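Q: What follows is a structure written as structure tokens; I'll ask about it next.
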Amino acid sequence: MDTSTLLGKSTAISQIKALIDKVKDLDAPVLITGESGTGKELIARAVHFTGARSGGRFVALNCGAIPDHLLESELFGYARGAFTGAMKDKVGLIEEAQGGTFFLDEIGDLSFPLQAKLLRALQEKEIRRVGENRTRAVDVRFISATNKTLEVEIGQGRFREDLYYRIRIITIEIPPLRERKDDLLLLLEHFAEKYCRELKKERAYFTPRTLDLFLDYGWPGNVRELQNEVQRCLILCGEDRFIREEYLSPRINPRQEMSNGADYNFFEAKAEFVKRFLNQALLRSHNNKARTAEEIGLSRQGLFKLIKKHKIEAPAKEFGPDR
């Protein structure tokens with residue numbers, strides 16, 4: 001795995017890739033923030049699998065998915081006889097990540113007492129299993145993630161300030177999808193290709209109106225919601241080679257618009273996508289064709305050929321001069 005698996009051409013994604021490259025070989029704790037569905041675990045995996053600890057294990061735990069009374073033994077392990085049902089020694093997840101990375105997803109859901117024990121593990125690089133008196137050294141890199149604003153949690157007495165400063169030595173902020181619509185078309189094409197392959201069906205393409213509706217929607221569930229929507233559409237469209245507006249969820253197509261029945265063929269659909277993609281790319285660069293060509297992986301001559309072929313004209317009021 002490398003940062004090329006992080007799809008997107010937006011400035012935000014480019015900055016995240018650059019930051020991953022800077023921190024991947026360090027042992028400093030990393031805090032990843034962002035709304036639910038933005039891909040925080042994907043970023044954590046990129047840090048681990050591109051870095052010096054890639055030969056070790058990547059162990060993940062969602063702090064909000066396990067009841068609090070079980071979470072301590074999951075994190076730190078336990079000794080035989082520590083409590084009813086503890087029939088043998090158990091290694092905790094932090095120990096399992098020895099030599100690798102331990103990822104705490106939704107760390108903002110961790111209880112106050114467990115926050116104190118985690119702080120000790122971070123500071124002292126050692127843990128103590130439940131029911132044991134001795135400590136065990138651990139060589140683990142910690143990466144945490146949260147969709148909460150931890151400064152607010154601290155102010156309301158739900159998160160330890162000392163732990164906060166310990167886990168956020170390096171912070172990677174992932175903006176929501178609605179703030180990086182530049183990446184949406186790339187993600188749509190990626191998921192369409194991925195799920196067509198998984199469903200063993202011919203490649204399906206988005207109609208122009210469907211793309212408009214995708215671009216107009218706010219995506220509160222971010223990339224996860226987008227991914228699920230594409231998968232759903234491909235299931236509903238069956239043998240249809242086009243993902244039309246009637247296959248969209250009501251929240252994305254609230255007026256329940258229907259396609260007008262116009263015939264599309266492969267070449268028309270491809271041309272529509274290319275034209276829309278180039279328009280979006282030119283908008284991002286303010287009609288700077290050299291920059292546009294570099295961002296989308298074309299030569300300047302190749303870009304000019306496509307602009308001419310698809311009769312793309314940039315309105316002067318929207319674009320600055322070509323440079």
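We name chains A, B, ... following the order of the structure tokens; residues begin at 1 in each chain, and ligands are numbered from 1 as shown.
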Write out as JSON lines the residues of range 115-179 of chain A that have any atom within 12 Å of an atom of range 101-104 of chain A, one row each with the nearest atom pair and its distance in Å to one decimal, counting only C-alpha atoms, sorted by chain and then rising number.
A:
```
{"residue": "A:Gln115", "atom": "CA", "partner": "A:Leu104", "partner_atom": "CA", "distance": 11.6}
{"residue": "A:Leu118", "atom": "CA", "partner": "A:Leu104", "partner_atom": "CA", "distance": 10.5}
{"residue": "A:Ala121", "atom": "CA", "partner": "A:Phe102", "partner_atom": "CA", "distance": 11.7}
{"residue": "A:Leu122", "atom": "CA", "partner": "A:Phe102", "partner_atom": "CA", "distance": 11.1}
{"residue": "A:Val138", "atom": "CA", "partner": "A:Phe102", "partner_atom": "CA", "distance": 10.9}
{"residue": "A:Asp139", "atom": "CA", "partner": "A:Thr101", "partner_atom": "CA", "distance": 9.0}
{"residue": "A:Val140", "atom": "CA", "partner": "A:Thr101", "partner_atom": "CA", "distance": 5.6}
{"residue": "A:Arg141", "atom": "CA", "partner": "A:Thr101", "partner_atom": "CA", "distance": 4.7}
{"residue": "A:Phe142", "atom": "CA", "partner": "A:Phe102", "partner_atom": "CA", "distance": 5.1}
{"residue": "A:Ile143", "atom": "CA", "partner": "A:Phe103", "partner_atom": "CA", "distance": 4.8}
{"residue": "A:Ser144", "atom": "CA", "partner": "A:Leu104", "partner_atom": "CA", "distance": 4.7}
{"residue": "A:Ala145", "atom": "CA", "partner": "A:Leu104", "partner_atom": "CA", "distance": 6.3}
{"residue": "A:Thr146", "atom": "CA", "partner": "A:Leu104", "partner_atom": "CA", "distance": 8.7}
{"residue": "A:Ile167", "atom": "CA", "partner": "A:Leu104", "partner_atom": "CA", "distance": 10.5}
```
Q: Based on DSSP run over this structure's backbone, return all residues of range 132-280 of chain A in helix (DSSP H, G or I), as a VMD selection string.
A: chain A and resid 150 to 155 161 to 167 177 to 179 181 to 198 208 to 216 222 to 237 245 to 247 266 to 280
Q: If I take CA of Met258 in chain A and CA of Glu245 in chain A, how far is one from the other in Å, to one decimal?
A: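 Separation between CA of Met258 in chain A and CA of Glu245 in chain A: 5.8 Å.
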Q: Please return as an MDAnalysis selection string: the residues of range 170-205 of chain A that backbone DSSP assigns to strand (DSSP E or B).
A: chainID A and resid 170:173 205
Q: Give me the residues near range 173-179 of chain A as a PyMOL selection string, where near means some atom within 6 Å (using only C-alpha atoms) and where sequence neighbours in that chain fewer than 5 positions away do not count.
A: chain A and resi 32-34+218+222
Q: Could you turn the residues from that selection into a file that holds N, CA and C atoms, as a PDB file, in the first residue's frame?
A:
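The resulting file, out_26.pdb, is reproduced below:
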```pdb
ATOM      1  N   ILE A  32      -5.687  11.645  13.880  1.00  0.00           N
ATOM      2  CA  ILE A  32      -6.392  11.894  12.625  1.00  0.00           C
ATOM      3  C   ILE A  32      -7.807  12.349  12.967  1.00  0.00           C
ATOM      4  N   THR A  33      -8.202  13.503  12.466  1.00  0.00           N
ATOM      5  CA  THR A  33      -9.522  14.043  12.760  1.00  0.00           C
ATOM      6  C   THR A  33     -10.342  14.175  11.484  1.00  0.00           C
ATOM      7  N   GLY A  34     -11.647  14.089  11.644  1.00  0.00           N
ATOM      8  CA  GLY A  34     -12.522  14.217  10.481  1.00  0.00           C
ATOM      9  C   GLY A  34     -13.880  13.618  10.776  1.00  0.00           C
ATOM     10  N   GLY A 218     -24.816  17.169  -0.599  1.00  0.00           N
ATOM     11  CA  GLY A 218     -23.864  17.586   0.440  1.00  0.00           C
ATOM     12  C   GLY A 218     -23.038  16.477   1.063  1.00  0.00           C
ATOM     13  N   ASN A 222     -20.093  11.400   3.817  1.00  0.00           N
ATOM     14  CA  ASN A 222     -18.781  11.482   3.189  1.00  0.00           C
ATOM     15  C   ASN A 222     -18.496  10.302   2.250  1.00  0.00           C
TER      16      ASN A 222
END
```
Q: For Arg251 in chain A, which residue among A:Arg232, A:Tyr78, A:Trp219, A:Leu282 is the nearest when counting only C-alpha atoms?
A: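 That would be A:Trp219, the residue with the smallest distance to Arg251 in chain A.
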Q: Could you tell me how far CA of Glu41 in chain A lies from CA of Leu61 in chain A, in Å and to one decimal?
A: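 For CA of Glu41 in chain A relative to CA of Leu61 in chain A, the distance reads 10.3 Å.
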Q: Provide the CA of Leu186 in chain A to CA of Gly8 in chain A distance in Å, to one decimal place.
A: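 According to the coordinates, CA of Leu186 in chain A and CA of Gly8 in chain A are separated by 6.6 Å.
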Q: Val230 in chain A: which residues within 10 Å, counting only C-alpha atoms, same-chain residues fewer than 4 positions away excluded, as a list in words?
A: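 Surrounding residues, per the criterion: Leu187, Leu188, Glu189, His190, Phe191, Ala192, Glu193, Lys194, Tyr195, Cys196, Phe206, Glu225, Leu226, Leu234, Ile235, Leu236, Ile243, Tyr247 and Leu248 of chain A.
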Q: Take the residues just selected and output them with N, CA and C atoms as a compact mmCIF listing (two decimals), in the first residue's frame.
A:
```
# COMPACT_ATOMS: atom_id res chain seq x y z
N LEU A 187 -13.57 9.69 -7.46
CA LEU A 187 -14.09 8.65 -6.56
C LEU A 187 -15.26 7.90 -7.20
N LEU A 188 -16.12 8.64 -7.90
CA LEU A 188 -17.26 7.99 -8.56
C LEU A 188 -16.78 6.96 -9.58
N GLU A 189 -15.82 7.36 -10.40
CA GLU A 189 -15.31 6.44 -11.42
C GLU A 189 -14.61 5.24 -10.78
N HIS A 190 -13.87 5.49 -9.70
CA HIS A 190 -13.17 4.41 -9.02
C HIS A 190 -14.16 3.39 -8.45
N PHE A 191 -15.19 3.89 -7.75
CA PHE A 191 -16.14 2.96 -7.14
C PHE A 191 -17.00 2.25 -8.18
N ALA A 192 -17.34 2.95 -9.26
CA ALA A 192 -18.12 2.30 -10.32
C ALA A 192 -17.33 1.14 -10.92
N GLU A 193 -16.06 1.37 -11.18
CA GLU A 193 -15.23 0.31 -11.75
C GLU A 193 -15.04 -0.84 -10.75
N LYS A 194 -14.80 -0.49 -9.50
CA LYS A 194 -14.56 -1.49 -8.46
C LYS A 194 -15.78 -2.40 -8.26
N TYR A 195 -16.98 -1.79 -8.15
CA TYR A 195 -18.17 -2.60 -7.85
C TYR A 195 -18.72 -3.31 -9.08
N CYS A 196 -18.50 -2.77 -10.26
CA CYS A 196 -18.86 -3.52 -11.47
C CYS A 196 -18.04 -4.80 -11.54
N PHE A 206 -22.20 6.84 -15.61
CA PHE A 206 -23.15 7.80 -15.07
C PHE A 206 -23.68 8.69 -16.18
N GLU A 225 -20.58 7.12 2.48
CA GLU A 225 -21.92 7.24 1.91
C GLU A 225 -21.86 7.18 0.38
N LEU A 226 -20.89 7.87 -0.21
CA LEU A 226 -20.72 7.85 -1.67
C LEU A 226 -20.49 6.42 -2.16
N LEU A 234 -25.63 0.43 -8.70
CA LEU A 234 -25.22 -0.62 -9.63
C LEU A 234 -26.07 -1.87 -9.47
N ILE A 235 -26.50 -2.13 -8.26
CA ILE A 235 -27.39 -3.27 -8.02
C ILE A 235 -28.76 -3.01 -8.65
N LEU A 236 -29.27 -1.78 -8.46
CA LEU A 236 -30.61 -1.44 -8.96
C LEU A 236 -30.65 -1.34 -10.49
N ILE A 243 -26.05 4.48 -15.20
CA ILE A 243 -26.57 4.78 -13.87
C ILE A 243 -27.39 6.05 -14.01
N TYR A 247 -32.25 5.68 -10.29
CA TYR A 247 -31.64 4.68 -9.41
C TYR A 247 -31.09 5.30 -8.13
N LEU A 248 -31.06 6.62 -8.06
CA LEU A 248 -30.48 7.29 -6.90
C LEU A 248 -31.42 7.26 -5.70
```
Q: For Ile154 in chain A, find every residue with an atom within 12 Å (counting only C-alpha atoms), except residues of its own chain fewer than 4 positions away, and show them as a ChimeraX atom specification.
A: /A:108,112,148-150,158-165
Q: Show which residues sit within 8 Å of Val23 in chain A, as a list in words. Count only C-alpha atoms, and ignore same-chain residues fewer than 4 positions away.
A: Leu19, Ala28, Val47 and Ile170 of chain A
